[in-house]
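File shown: my_file26.csv. Contents: CSV, C-alpha atoms and all ligand atoms.
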chain,number,residue,atom,x,y,z
K,754,MET,CA,32.0,-13.0,-4.6
K,755,ASP,CA,33.2,-16.6,-4.2
K,756,SER,CA,30.8,-19.5,-4.7
K,757,GLU,CA,30.4,-20.2,-1.0
K,758,ALA,CA,29.3,-16.6,-0.3
K,759,ARG,CA,27.0,-16.8,-3.3
K,760,GLU,CA,25.4,-20.0,-2.1
K,761,LYS,CA,24.8,-18.5,1.4
K,762,PHE,CA,23.2,-15.3,-0.1
K,763,ILE,CA,20.9,-17.6,-2.2
K,764,GLN,CA,20.0,-19.8,0.7
K,765,ALA,CA,19.2,-16.8,2.9
K,766,GLY,CA,17.0,-15.5,0.2
K,767,LYS,CA,15.2,-18.7,-0.2
K,768,ILE,CA,14.4,-18.8,3.5
K,769,ALA,CA,13.3,-15.2,3.5
K,770,SER,CA,11.0,-15.8,0.6
K,771,GLU,CA,9.5,-18.9,2.2
K,772,VAL,CA,8.8,-17.1,5.5
K,773,ARG,CA,7.3,-14.1,3.7
K,774,GLU,CA,5.0,-16.3,1.6
K,775,PHE,CA,4.0,-18.2,4.7
K,776,SER,CA,3.1,-15.0,6.4
K,777,LYS,CA,0.8,-13.9,3.6
K,778,ASP,CA,-1.6,-16.7,4.3
K,779,TRP,CA,-1.0,-17.0,8.0
K,780,ILE,CA,-1.4,-13.4,9.2
K,781,LYS,CA,-5.0,-12.6,10.2
K,782,ASP,CA,-6.5,-9.3,11.3
K,783,GLY,CA,-6.9,-9.1,15.1
K,784,MET,CA,-3.4,-10.7,15.7
K,785,LEU,CA,-1.0,-9.1,18.1
K,786,LEU,CA,2.1,-7.8,16.3
K,787,VAL,CA,4.3,-9.5,18.8
K,788,GLU,CA,2.7,-12.8,18.0
K,789,ILE,CA,3.4,-12.2,14.3
K,790,ALA,CA,7.1,-11.1,14.9
K,791,GLU,CA,7.9,-14.1,17.1
K,792,LYS,CA,6.3,-16.6,14.8
K,793,LEU,CA,8.2,-15.3,11.7
K,794,GLU,CA,11.5,-15.0,13.5
K,795,GLY,CA,11.0,-18.6,14.9
K,796,LEU,CA,10.3,-19.9,11.4
K,797,ILE,CA,13.5,-18.3,10.1
K,798,ARG,CA,15.5,-20.2,12.8
K,799,GLU,CA,13.6,-23.5,12.1
K,800,LYS,CA,14.6,-23.3,8.5
K,801,GLY,CA,18.2,-23.0,9.4
K,802,GLY,CA,18.7,-19.2,9.1
K,803,HIS,CA,19.0,-16.4,11.6
K,804,PRO,CA,17.0,-13.2,11.6
K,805,GLY,CA,19.1,-10.6,9.7
K,806,PHE,CA,17.2,-8.0,11.8
K,807,PRO,CA,14.1,-8.0,13.9
K,808,VAL,CA,10.9,-8.5,11.9
K,809,ASN,CA,9.7,-5.0,11.2
K,810,LEU,CA,5.9,-4.6,11.5
K,811,SER,CA,5.1,-1.0,10.7
K,812,LEU,CA,1.4,0.1,10.6
K,813,ASN,CA,-0.2,2.8,8.5
K,814,SER,CA,1.8,6.1,8.7
K,815,GLN,CA,4.7,4.3,10.3
K,816,ALA,CA,7.1,3.6,7.3
K,817,ALA,CA,9.6,1.4,8.9
K,818,HIS,CA,11.5,0.2,12.0
K,819,TYR,CA,8.6,-0.7,14.2
K,820,THR,CA,9.1,-4.0,16.0
K,821,PRO,CA,7.0,-4.9,19.0
K,822,SER,CA,8.4,-5.1,22.5
K,823,ARG,CA,7.6,-8.2,24.5
K,824,ASN,CA,4.5,-6.9,26.2
K,825,ASP,CA,3.4,-4.9,23.2
K,826,LYS,CA,-0.4,-4.8,22.8
K,827,SER,CA,-0.5,-3.5,19.2
K,828,ILE,CA,-2.9,-5.3,16.9
K,829,PHE,CA,-3.2,-5.6,13.2
K,830,ASN,CA,-6.7,-4.6,12.3
K,831,SER,CA,-8.7,-5.1,9.1
K,832,LYS,CA,-8.4,-1.4,8.1
K,833,ASP,CA,-4.7,-1.3,8.6
K,834,VAL,CA,-1.8,-1.1,6.2
K,835,LEU,CA,0.9,-3.4,7.5
K,836,LYS,CA,4.5,-3.4,6.2
K,837,VAL,CA,6.1,-6.8,6.9
K,838,ASP,CA,9.9,-6.4,6.4
K,839,LEU,CA,12.0,-9.4,7.3
K,840,GLY,CA,15.7,-10.4,6.9
K,841,VAL,CA,17.6,-13.6,7.0
K,842,HIS,CA,21.3,-14.2,7.3
K,843,ILE,CA,23.4,-17.3,7.0
K,844,ASP,CA,26.9,-16.8,8.3
K,845,GLY,CA,26.4,-13.0,7.9
K,846,TYR,CA,25.1,-13.1,4.3
K,847,VAL,CA,21.9,-11.2,4.3
K,848,ALA,CA,18.6,-11.4,2.4
K,849,ASP,CA,16.2,-8.4,2.9
K,850,THR,CA,12.6,-8.5,1.7
K,851,ALA,CA,9.3,-6.8,2.4
K,852,TYR,CA,5.7,-6.6,1.3
K,853,THR,CA,2.6,-4.7,2.4
K,854,LEU,CA,-0.6,-6.4,3.6
K,855,SER,CA,-4.1,-4.9,4.0
K,856,PHE,CA,-7.5,-6.5,4.2
K,857,ASP,CA,-9.1,-3.2,3.2
K,858,ASN,CA,-9.4,-3.0,-0.6
K,859,SER,CA,-9.4,0.8,-0.6
K,860,HIS,CA,-5.6,0.6,-0.1
K,861,LYS,CA,-5.0,-1.7,-3.1
K,862,LYS,CA,-3.7,1.0,-5.4
K,863,LEU,CA,-1.3,2.3,-2.8
K,864,LEU,CA,0.1,-1.3,-2.3
K,865,ASP,CA,0.3,-1.8,-6.1
K,866,ALA,CA,2.3,1.5,-6.5
K,867,SER,CA,5.4,0.2,-4.5
K,868,LYS,CA,5.0,-3.3,-5.8
K,869,GLU,CA,5.1,-2.2,-9.4
K,870,ALA,CA,7.9,0.3,-8.7
K,871,LEU,CA,9.9,-2.6,-7.3
K,872,ARG,CA,9.2,-4.8,-10.4
K,873,ALA,CA,10.2,-2.1,-12.8
K,874,ALA,CA,13.4,-1.3,-10.8
K,875,ILE,CA,14.5,-5.0,-10.7
K,876,GLU,CA,14.5,-5.2,-14.5
K,877,LEU,CA,17.2,-2.5,-14.4
K,878,CYS,CA,19.5,-4.3,-12.0
K,879,LYS,CA,22.0,-5.1,-14.8
K,880,PRO,CA,25.8,-4.4,-15.0
K,881,GLY,CA,26.5,-0.9,-16.4
K,882,GLN,CA,23.0,0.4,-15.5
K,883,LYS,CA,23.1,3.9,-13.9
K,884,LEU,CA,21.7,3.9,-10.4
K,885,SER,CA,20.1,7.2,-11.1
K,886,ASN,CA,17.9,5.5,-13.7
K,887,ILE,CA,16.7,3.0,-11.2
K,888,SER,CA,15.7,5.8,-8.8
K,889,ALA,CA,14.0,7.8,-11.6
K,890,THR,CA,12.0,4.7,-12.5
K,891,ILE,CA,10.8,4.2,-8.9
K,892,GLU,CA,9.8,7.8,-8.7
K,893,ASP,CA,7.9,7.8,-12.0
K,894,THR,CA,6.1,4.5,-11.3
K,895,ILE,CA,4.9,5.6,-7.9
K,896,LYS,CA,3.7,9.0,-9.2
K,897,HIS,CA,2.0,7.3,-12.1
K,898,TYR,CA,-0.2,5.6,-9.5
K,899,GLY,CA,-1.0,9.0,-7.9
K,900,TYR,CA,1.2,8.6,-4.9
K,901,LYS,CA,4.5,10.1,-3.6
K,902,PRO,CA,7.7,8.2,-3.2
K,903,VAL,CA,9.2,8.6,0.2
K,904,ALA,CA,12.2,10.7,-0.7
K,905,ASN,CA,14.4,10.1,2.3
K,906,LEU,CA,14.2,6.3,2.3
K,907,SER,CA,16.6,4.3,0.1
K,908,GLY,CA,17.5,0.9,-1.1
K,909,HIS,CA,21.0,-0.1,-0.3
K,910,GLY,CA,23.9,-2.5,-0.9
K,911,VAL,CA,24.1,-5.6,1.3
K,912,GLY,CA,27.4,-7.0,2.6
K,913,ARG,CA,28.5,-9.7,5.0
K,914,TYR,CA,27.2,-8.8,8.5
K,915,VAL,CA,26.4,-5.4,7.0
K,916,LEU,CA,22.7,-4.7,6.3
K,917,HIS,CA,23.1,-1.2,4.8
K,918,SER,CA,26.3,-0.7,2.7
K,919,ASP,CA,26.9,1.5,-0.3
K,920,PRO,CA,25.4,2.3,-2.7
K,921,GLN,CA,22.3,4.0,-1.5
K,922,ILE,CA,19.4,3.8,-3.9
K,923,PRO,CA,17.0,6.6,-3.4
K,924,ASN,CA,13.4,6.3,-4.3
K,925,VAL,CA,13.5,9.7,-6.1
K,926,ARG,CA,15.6,11.2,-8.8
K,927,PHE,CA,19.2,12.0,-7.7
K,928,ARG,CA,22.5,12.9,-9.4
K,929,SER,CA,25.0,10.1,-9.6
K,930,ASN,CA,27.3,8.6,-12.1
K,931,TYR,CA,27.4,5.3,-10.2
K,932,LYS,CA,26.9,2.3,-12.5
K,933,LEU,CA,26.0,-1.1,-11.2
K,934,GLU,CA,28.6,-3.9,-11.4
K,935,GLU,CA,28.1,-7.5,-12.1
K,936,ASP,CA,27.5,-9.6,-8.9
K,937,GLU,CA,26.8,-6.6,-6.8
K,938,ILE,CA,24.1,-7.4,-4.2
K,939,ILE,CA,21.5,-4.7,-3.6
K,940,ALA,CA,18.2,-4.4,-1.8
K,941,ILE,CA,15.6,-2.3,-3.7
K,942,GLU,CA,12.8,-0.9,-1.5
K,943,PRO,CA,10.3,1.5,-3.0
K,944,PHE,CA,8.0,3.3,-0.5
K,945,ALA,CA,4.8,4.9,-1.7
K,946,THR,CA,2.6,7.2,0.4
K,947,ASP,CA,-0.4,9.6,0.4
K,948,GLY,CA,1.5,11.6,3.0
K,949,ASN,CA,4.3,14.1,2.7
K,950,GLY,CA,6.8,11.9,0.8
K,951,ALA,CA,9.3,12.2,3.6
K,952,ILE,CA,9.7,10.5,6.9
K,953,LYS,CA,10.8,11.7,10.3
K,954,ASP,CA,12.3,9.9,13.3
K,955,ALA,CA,9.8,9.2,16.0
K,956,GLU,CA,10.7,9.3,19.7
K,957,GLU,CA,10.1,5.6,19.9
K,958,CYS,CA,13.0,3.3,19.3
K,959,LEU,CA,12.9,-0.5,19.4
K,960,ILE,CA,15.7,-1.5,17.1
K,961,PHE,CA,19.5,-1.0,17.6
K,962,ARG,CA,22.8,-2.1,16.3
K,963,PHE,CA,26.1,-2.7,18.1
K,964,LYS,CA,28.6,-0.1,17.2
K,965,ASP,CA,31.7,0.3,19.4
K,966,LEU,CA,33.1,-1.6,22.3
K,967,ARG,CA,33.4,0.8,25.1
K,968,THR,CA,33.0,0.5,28.8
K,969,THR,CA,29.9,1.5,30.7
K,970,ARG,CA,29.3,1.6,34.5
K,971,ASN,CA,25.7,0.5,34.1
K,972,PRO,CA,25.6,-3.2,35.1
K,973,GLU,CA,22.6,-4.0,32.8
K,974,GLY,CA,24.4,-2.2,30.0
K,975,ARG,CA,27.3,-4.5,30.4
K,976,LYS,CA,25.0,-7.5,30.2
K,977,ILE,CA,23.4,-6.1,27.1
K,978,ILE,CA,26.8,-5.5,25.4
K,979,ASP,CA,27.7,-9.2,26.1
K,980,PHE,CA,24.3,-10.5,24.9
K,981,VAL,CA,24.2,-8.6,21.6
K,982,GLN,CA,27.7,-9.6,20.4
K,983,SER,CA,26.2,-12.7,18.8
K,984,TYR,CA,24.4,-10.5,16.3
K,985,GLY,CA,27.7,-9.5,14.8
K,986,GLY,CA,26.8,-5.9,14.0
K,987,LEU,CA,23.4,-6.7,12.6
K,988,PRO,CA,20.4,-5.0,14.1
K,989,PHE,CA,18.6,-6.4,17.2
K,990,ALA,CA,15.4,-5.7,19.0
K,991,GLN,CA,14.7,-4.5,22.5
K,992,ARG,CA,12.4,-7.5,22.6
K,993,TRP,CA,15.2,-9.9,22.0
K,994,ILE,CA,17.0,-8.5,25.1
K,995,GLU,CA,13.8,-8.6,27.1
K,996,THR,CA,13.4,-12.3,26.2
K,997,GLY,CA,17.1,-13.3,26.4
K,998,LEU,CA,18.1,-11.5,29.7
K,999,ASN,CA,15.9,-11.6,32.7
K,1000,ILE,CA,15.8,-7.8,33.2
K,1001,SER,CA,12.7,-5.6,33.5
K,1002,GLU,CA,11.7,-3.5,30.5
K,1003,PHE,CA,12.2,-0.4,32.6
K,1004,LYS,CA,15.8,-1.3,33.4
K,1005,ILE,CA,16.5,-2.3,29.9
K,1006,ARG,CA,15.2,1.0,28.5
K,1007,PHE,CA,17.4,2.9,31.0
K,1008,ALA,CA,20.5,0.9,30.1
K,1009,ILE,CA,19.8,1.2,26.4
K,1010,ARG,CA,19.6,5.0,26.7
K,1011,ASP,CA,23.0,5.0,28.4
K,1012,LEU,CA,24.5,2.8,25.7
K,1013,VAL,CA,23.1,5.0,22.9
K,1014,MET,CA,24.5,8.2,24.7
K,1015,ASN,CA,27.9,6.6,25.0
K,1016,ASP,CA,27.8,5.7,21.3
K,1017,ILE,CA,28.1,1.9,22.0
K,1018,ILE,CA,24.9,1.1,20.2
K,1019,LYS,CA,23.2,2.9,17.3
K,1020,PRO,CA,19.4,3.5,17.5
K,1021,TYR,CA,17.1,3.0,14.6
K,1022,PRO,CA,14.1,5.1,15.6
K,1023,VAL,CA,10.6,4.3,14.2
K,1024,LEU,CA,10.2,6.2,10.9
K,1025,ILE,CA,6.9,8.0,10.5
K,1026,GLU,CA,5.1,9.8,7.7
K,1027,LYS,CA,2.4,12.4,8.2
K,1028,PRO,CA,-0.2,11.5,10.9
K,1029,GLY,CA,-3.3,9.9,9.3
K,1030,SER,CA,-1.4,9.0,6.1
K,1031,PHE,CA,-0.6,5.5,4.8
K,1032,VAL,CA,2.7,4.0,3.5
K,1033,SER,CA,3.3,0.9,1.4
K,1034,GLN,CA,6.6,-0.8,0.8
K,1035,HIS,CA,7.9,-3.7,-1.3
K,1036,GLU,CA,11.4,-5.0,-1.2
K,1037,HIS,CA,13.7,-7.7,-2.8
K,1038,THR,CA,17.4,-8.5,-2.6
K,1039,VAL,CA,18.9,-8.7,-6.1
K,1040,ILE,CA,22.2,-10.0,-7.5
K,1041,VAL,CA,23.2,-7.7,-10.4
K,1042,LYS,CA,23.3,-9.7,-13.7
K,1043,ASP,CA,22.3,-9.3,-17.3
K,1044,ASP,CA,19.4,-11.5,-16.1
K,1045,PRO,CA,19.1,-10.1,-12.6
K,1046,ILE,CA,18.8,-12.8,-9.8
K,1047,VAL,CA,16.2,-12.0,-7.2
K,1048,THR,CA,17.4,-14.0,-4.1
K,1049,THR,CA,14.2,-13.4,-2.3
K,1050,LEU,CA,11.8,-14.1,-5.2
K,1101,MN,MN,16.4,-2.9,3.2
K,1102,MN,MN,13.9,-4.5,4.6
Could you render the structure from this file as structure tokens?
Ligand code: MN
Ligand code: MN
Amino acid sequence: MDSEAREKFIQAGKIASEVREFSKDWIKDGMLLVEIAEKLEGLIREKGGHPGFPVNLSLNSQAAHYTPSRNDKSIFNSKDVLKVDLGVHIDGYVADTAYTLSFDNSHKKLLDASKEALRAAIELCKPGQKLSNISATIEDTIKHYGYKPVANLSGHGVGRYVLHSDPQIPNVRFRSNYKLEEDEIIAIEPFATDGNGAIKDAEECLIFRFKDLRTTRNPEGRKIIDFVQSYGGLPFAQRWIETGLNISEFKIRFAIRDLVMNDIIKPYPVLIEKPGSFVSQHEHTVIVKDDPIVTTL
């Protein structure tokens, strides 16, 4: 990693951290999720960054990948558990960070479980450390709090214009001889739950990523392909298309279905735990060092 890349990773992390901390004071119960998402994405741009992906606002048993559409009526209520997962990129260099918010104190232990797992895992982000030890630490910490880690959600490497690169960092024990190398950039994201400890894809899908340039006969599809090129392979929201192109949500959904079927864009469905359960998540982006650098601290 050259010094320019490093500076951009650090700067993206600083903006992500500032926006995350702002949101902790600013978000109130009763707010529309779409108001929260638009505010935080706007703040990222004001600070000179770009959203690395749509702000994810996943409630309760939703683990990840929910972002409101433009006319979404979903509200954050005082009993809810809200995962705020946000990304910033500068010139493609991404920072990825998340925390969980609830005004209901009965969820405190669940929130602490993923937070403490993240803290313990970051201490291990040193050159030569086995990835399997990080995963085991996350699993043990969450279980110590009396919850289950979500087994099929993972931390990940981060590259330029690539949000999820190798290695994968599972939140449960796994077999691997992979050892971290100095200057590797990884996002660690423990998920804790009182549900099954495994997520499934929901029907609903609001986030996508451009995959392959192919032709489509759908005229709205062609407009969407043009429009999303500026995201350079990073994820985008249906909402961004609704706002950016003057096309009805109905036509956009139809065109998106066509683009997914033709393998032109990749869908990221909402990921859901057991109905009625709760999920918490905390995430930081880390540069592997003897003294690990948390870019999103
Ligand atoms: Mn991530
Ligand atoms: Mn994230």
Contact residues around Val981 (chain K) with only C-alpha atoms at 9 Å, ignoring same-chain residues under 6 positions, as a PyMOL selection string
chain K and resi 962-963+989+994
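Taking CA of His909 (chain K) and CA of Ile939 (chain K) as the two end points, the separation is 5.7 Å.
Distances here use all atoms listed in the file; by that measure, the residue among K:Pro804, K:Gly840, K:Gly997, K:Gly910 closest to ligand MN 1102 (chain K) is K:Gly840.
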Could the residues of region 916-996 of chain K that have an atom at most 12 Å from region 830-839 of chain K be listed as a Markdown table, each with its closest atom pair and the distance in Å to one decimal, counting all atoms listed in the file and ordered by chain and ascending residue number?
| residue | atom | partner | partner_atom | distance |
| --- | --- | --- | --- | --- |
| K:Leu916 | CA | K:Leu839 | CA | 11.7 |
| K:Ala940 | CA | K:Asp838 | CA | 11.8 |
| K:Glu942 | CA | K:Asp838 | CA | 10.1 |
| K:Pro943 | CA | K:Lys836 | CA | 11.9 |
| K:Phe944 | CA | K:Lys836 | CA | 10.1 |
| K:Ala945 | CA | K:Lys836 | CA | 11.5 |
| K:Thr946 | CA | K:Val834 | CA | 11.0 |
| K:Pro988 | CA | K:Leu839 | CA | 11.7 |
Long-range neighbours of Thr820 (chain K) as an MDAnalysis selection string, 12 Å cut-off, all atoms listed in the file, 5 positions minimum in chain
chainID K and resid 785:791 794 806:812 815 825:827 835:839 957:961 988:993 1021:1024
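The coordinates place CA of Gly985 (chain K) at 14.4 Å from CA of Gly802 (chain K).
Here CA of Pro821 (chain K) stands at a distance of 20.8 Å from CA of Gly974 (chain K).
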Shell of 12 Å around Asp919 (chain K), all atoms listed in the file, local chain residues under 2 positions omitted, as number ranges by chain
K: 884, 907-912, 915-917, 921-923, 931, 933, 937-940
For a cutoff of 12 Å around the file-coordinate point (16.8, 1.0, 31.2), which residues qualify once you count all atoms listed in the file? I'd like the result as a PDB file with C-alpha atoms, in the frame of the given file.
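The result, stored in part-v9.pdb:
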ATOM      1  CA  ASN K 971      25.700   0.500  34.100  1.00  0.00           C
ATOM      2  CA  PRO K 972      25.600  -3.200  35.100  1.00  0.00           C
ATOM      3  CA  GLU K 973      22.600  -4.000  32.800  1.00  0.00           C
ATOM      4  CA  GLY K 974      24.400  -2.200  30.000  1.00  0.00           C
ATOM      5  CA  ARG K 975      27.300  -4.500  30.400  1.00  0.00           C
ATOM      6  CA  LYS K 976      25.000  -7.500  30.200  1.00  0.00           C
ATOM      7  CA  ILE K 977      23.400  -6.100  27.100  1.00  0.00           C
ATOM      8  CA  GLN K 991      14.700  -4.500  22.500  1.00  0.00           C
ATOM      9  CA  ILE K 994      17.000  -8.500  25.100  1.00  0.00           C
ATOM     10  CA  GLU K 995      13.800  -8.600  27.100  1.00  0.00           C
ATOM     11  CA  ILE K1000      15.800  -7.800  33.200  1.00  0.00           C
ATOM     12  CA  SER K1001      12.700  -5.600  33.500  1.00  0.00           C
ATOM     13  CA  GLU K1002      11.700  -3.500  30.500  1.00  0.00           C
ATOM     14  CA  PHE K1003      12.200  -0.400  32.600  1.00  0.00           C
ATOM     15  CA  LYS K1004      15.800  -1.300  33.400  1.00  0.00           C
ATOM     16  CA  ILE K1005      16.500  -2.300  29.900  1.00  0.00           C
ATOM     17  CA  ARG K1006      15.200   1.000  28.500  1.00  0.00           C
ATOM     18  CA  PHE K1007      17.400   2.900  31.000  1.00  0.00           C
ATOM     19  CA  ALA K1008      20.500   0.900  30.100  1.00  0.00           C
ATOM     20  CA  ILE K1009      19.800   1.200  26.400  1.00  0.00           C
ATOM     21  CA  ARG K1010      19.600   5.000  26.700  1.00  0.00           C
ATOM     22  CA  ASP K1011      23.000   5.000  28.400  1.00  0.00           C
ATOM     23  CA  LEU K1012      24.500   2.800  25.700  1.00  0.00           C
ATOM     24  CA  VAL K1013      23.100   5.000  22.900  1.00  0.00           C
TER      25      VAL K1013
END
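The residue that comes closest to Asp1016 (chain K), out of K:Ile941, K:Val1032, K:Ala769, K:Ile978 and on the basis of all atoms listed in the file, is K:Ile978.
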Lys1027 (chain K): which residues within 8 Å, counting only C-alpha atoms, same-chain residues fewer than 4 positions away excluded, as a PDB file with C-alpha atoms, in the frame of the given file?
ATOM      1  CA  SER K 814       1.800   6.100   8.700  1.00  0.00           C
ATOM      2  CA  GLY K 948       1.500  11.600   3.000  1.00  0.00           C
ATOM      3  CA  ASN K 949       4.300  14.100   2.700  1.00  0.00           C
ATOM      4  CA  ILE K 952       9.700  10.500   6.900  1.00  0.00           C
TER       5      ILE K 952
END
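Residues within 8 Å of Lys879 (chain K), counting only C-alpha atoms and excluding same-chain residues fewer than 6 positions away, are Leu933, Glu934, Glu935, Val1041, Lys1042, Asp1043, Asp1044 and Pro1045 of chain K.
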Would you mind exporting region 910-918 of chain K with all heavy atoms, as a compact mmCIF listing (two decimals), in the first residue's frame?
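File produced: result-v5.txt:
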# COMPACT_ATOMS: atom_id res chain seq x y z
N GLY K 910 -11.98 -8.59 3.91
CA GLY K 910 -10.97 -7.66 3.43
C GLY K 910 -11.64 -6.51 2.70
O GLY K 910 -12.81 -6.59 2.33
N VAL K 911 -10.92 -5.41 2.54
CA VAL K 911 -11.44 -4.24 1.85
C VAL K 911 -10.39 -3.82 0.82
O VAL K 911 -9.21 -3.72 1.14
CB VAL K 911 -11.66 -3.07 2.84
CG1 VAL K 911 -12.11 -1.82 2.11
CG2 VAL K 911 -12.68 -3.46 3.92
N GLY K 912 -10.83 -3.61 -0.42
CA GLY K 912 -9.90 -3.17 -1.45
C GLY K 912 -10.36 -1.89 -2.10
O GLY K 912 -11.35 -1.29 -1.67
N ARG K 913 -9.66 -1.47 -3.13
CA ARG K 913 -10.07 -0.24 -3.82
C ARG K 913 -11.26 -0.54 -4.72
O ARG K 913 -11.17 -1.38 -5.61
CB ARG K 913 -8.90 0.30 -4.65
CG ARG K 913 -9.22 1.67 -5.18
CD ARG K 913 -8.06 2.24 -5.95
NE ARG K 913 -8.39 3.60 -6.35
CZ ARG K 913 -7.89 4.21 -7.40
NH1 ARG K 913 -6.98 3.61 -8.15
NH2 ARG K 913 -8.27 5.43 -7.70
N TYR K 914 -12.35 0.17 -4.51
CA TYR K 914 -13.62 -0.08 -5.20
C TYR K 914 -14.12 -1.52 -5.02
O TYR K 914 -14.90 -2.02 -5.82
CB TYR K 914 -13.54 0.28 -6.70
CG TYR K 914 -13.58 1.76 -6.94
CD1 TYR K 914 -12.45 2.44 -7.40
CD2 TYR K 914 -14.73 2.50 -6.69
CE1 TYR K 914 -12.47 3.81 -7.59
CE2 TYR K 914 -14.77 3.87 -6.89
CZ TYR K 914 -13.64 4.52 -7.34
OH TYR K 914 -13.67 5.88 -7.52
N VAL K 915 -13.61 -2.18 -3.98
CA VAL K 915 -14.11 -3.52 -3.65
C VAL K 915 -14.46 -3.50 -2.16
O VAL K 915 -13.60 -3.32 -1.32
CB VAL K 915 -13.06 -4.62 -3.90
CG1 VAL K 915 -13.65 -5.99 -3.61
CG2 VAL K 915 -12.54 -4.55 -5.33
N LEU K 916 -15.74 -3.68 -1.88
CA LEU K 916 -16.17 -3.62 -0.48
C LEU K 916 -15.86 -4.93 0.25
O LEU K 916 -15.44 -4.91 1.40
CB LEU K 916 -17.67 -3.31 -0.41
CG LEU K 916 -18.26 -3.17 0.99
CD1 LEU K 916 -17.56 -2.08 1.78
CD2 LEU K 916 -19.75 -2.88 0.90
N HIS K 917 -16.09 -6.04 -0.43
CA HIS K 917 -15.87 -7.35 0.20
C HIS K 917 -14.82 -8.13 -0.57
O HIS K 917 -15.12 -8.74 -1.58
CB HIS K 917 -17.17 -8.16 0.25
CG HIS K 917 -18.20 -7.54 1.13
ND1 HIS K 917 -19.53 -7.53 0.81
CD2 HIS K 917 -18.12 -6.89 2.29
CE1 HIS K 917 -20.22 -6.90 1.76
NE2 HIS K 917 -19.37 -6.50 2.67
N SER K 918 -13.58 -8.08 -0.10
CA SER K 918 -12.54 -8.89 -0.75
C SER K 918 -12.10 -9.96 0.24
O SER K 918 -12.56 -10.01 1.38
CB SER K 918 -11.38 -8.01 -1.19
OG SER K 918 -10.69 -7.50 -0.07
